[in-house]
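Have a look at the structure below, then the notes.
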Amino acid sequence: MELNLQRQYDLIYSYFKATAEPYDTLLWDGRKLLVLLNEAEIEEYTYCDLKMLINGF
């Protein structure tokens with residue numbers, strides 16, 4: 001069963017809060033994650049990328 005967007009975002013947020021360099025915003029649409037700092041995109045991840053990084057995703 002696929003997780004809903006809010007649950008996915010919660011997992012993403014927890015992962016990035018613990019492991020990532022500083023960022024301001026995470027934008028997740030269910031397919032692509034944009035990581036923003038000072039309103040500029042600093043990283044981009046696909047669903048497949050996140051599935052490999054985050055346990056339970």
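Residues in the structure tokens are numbered from 1 in each chain, the chains being A, B, ... in the order shown, and ligands are numbered from 1 in the order shown.
Look at A:Tyr9: the protein and nucleic acid residues within 10 Å of it, using only C-alpha atoms and passing over chain neighbours fewer than 2 places away, are Leu3, Asn4, Leu5, Gln6, Arg7, Leu11, Ile12, Tyr13, Ser14, Tyr15, Leu26, Leu27, Trp28, Asp29, Gly30, Leu33 and Phe57 of chain A.
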Shell of 12 Å around A:Ile42, only C-alpha atoms, local chain residues under 4 positions omitted, as a PyMOL selection string: chain A and resi 20-27+33-38
Dump as a CSV table (one decimal), in the first residue's frame, selection limited to N, CA and C atoms:
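Wrote it out as selection_4.csv, contents follow:
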```csv
chain,number,residue,atom,x,y,z
A,20,ALA,N,20.3,16.3,6.9
A,20,ALA,CA,20.6,17.2,5.9
A,20,ALA,C,21.3,18.5,6.3
A,21,GLU,N,22.0,19.1,5.4
A,21,GLU,CA,22.6,20.4,5.6
A,21,GLU,C,21.4,21.4,5.8
A,22,PRO,N,21.7,22.6,6.3
A,22,PRO,CA,20.6,23.5,6.5
A,22,PRO,C,19.7,23.8,5.3
A,23,TYR,N,18.4,23.9,5.5
A,23,TYR,CA,17.5,24.3,4.4
A,23,TYR,C,16.3,25.0,5.1
A,24,ASP,N,15.6,25.7,4.3
A,24,ASP,CA,14.4,26.4,4.8
A,24,ASP,C,13.1,25.7,4.5
A,25,THR,N,13.0,25.1,3.4
A,25,THR,CA,11.7,24.5,2.9
A,25,THR,C,11.9,23.2,2.2
A,26,LEU,N,10.9,22.3,2.4
A,26,LEU,CA,10.8,21.1,1.7
A,26,LEU,C,9.5,21.1,0.9
A,27,LEU,N,9.6,21.0,-0.4
A,27,LEU,CA,8.4,21.0,-1.2
A,27,LEU,C,8.2,19.6,-1.9
A,33,LEU,N,10.9,16.0,-4.8
A,33,LEU,CA,11.1,16.8,-3.6
A,33,LEU,C,12.1,17.9,-4.0
A,34,LEU,N,11.7,19.1,-3.7
A,34,LEU,CA,12.7,20.2,-3.8
A,34,LEU,C,13.1,20.7,-2.5
A,35,VAL,N,14.4,20.9,-2.3
A,35,VAL,CA,14.9,21.4,-1.0
A,35,VAL,C,15.3,22.8,-1.3
A,36,LEU,N,14.8,23.8,-0.5
A,36,LEU,CA,15.1,25.2,-0.7
A,36,LEU,C,15.8,25.8,0.4
A,37,LEU,N,16.7,26.7,0.1
A,37,LEU,CA,17.4,27.6,1.1
A,37,LEU,C,17.4,29.0,0.5
A,38,ASN,N,17.0,29.9,1.3
A,38,ASN,CA,16.9,31.3,0.9
A,38,ASN,C,16.1,31.4,-0.5
```
Filtered DSSP result for stretch 1-51 of chain A, state strand (DSSP E or B), as a PyMOL selection string: chain A and resi 25-28+32-37+40-46
Point-to-point distance from atom CA of A:Lys32 to atom CA of A:Cys48, Å rounded to tenths: 9.1 Å
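Here the residues within stretch 2-56 of chain A that DSSP labels alpha helix (DSSP H) on the basis of the backbone are Leu5, Gln6, Arg7, Gln8, Tyr9, Asp10, Leu11, Ile12, Tyr13, Ser14, Tyr15, Phe16, Lys17, Ala18, Thr19, Tyr47, Cys48, Asp49, Leu50, Lys51, Met52 and Leu53 of chain A.
Look at A:Arg31: the protein and nucleic acid residues within 9 Å of it, using only C-alpha atoms and passing over chain neighbours fewer than 4 places away, are A:Tyr45, A:Thr46, A:Tyr47, A:Cys48.
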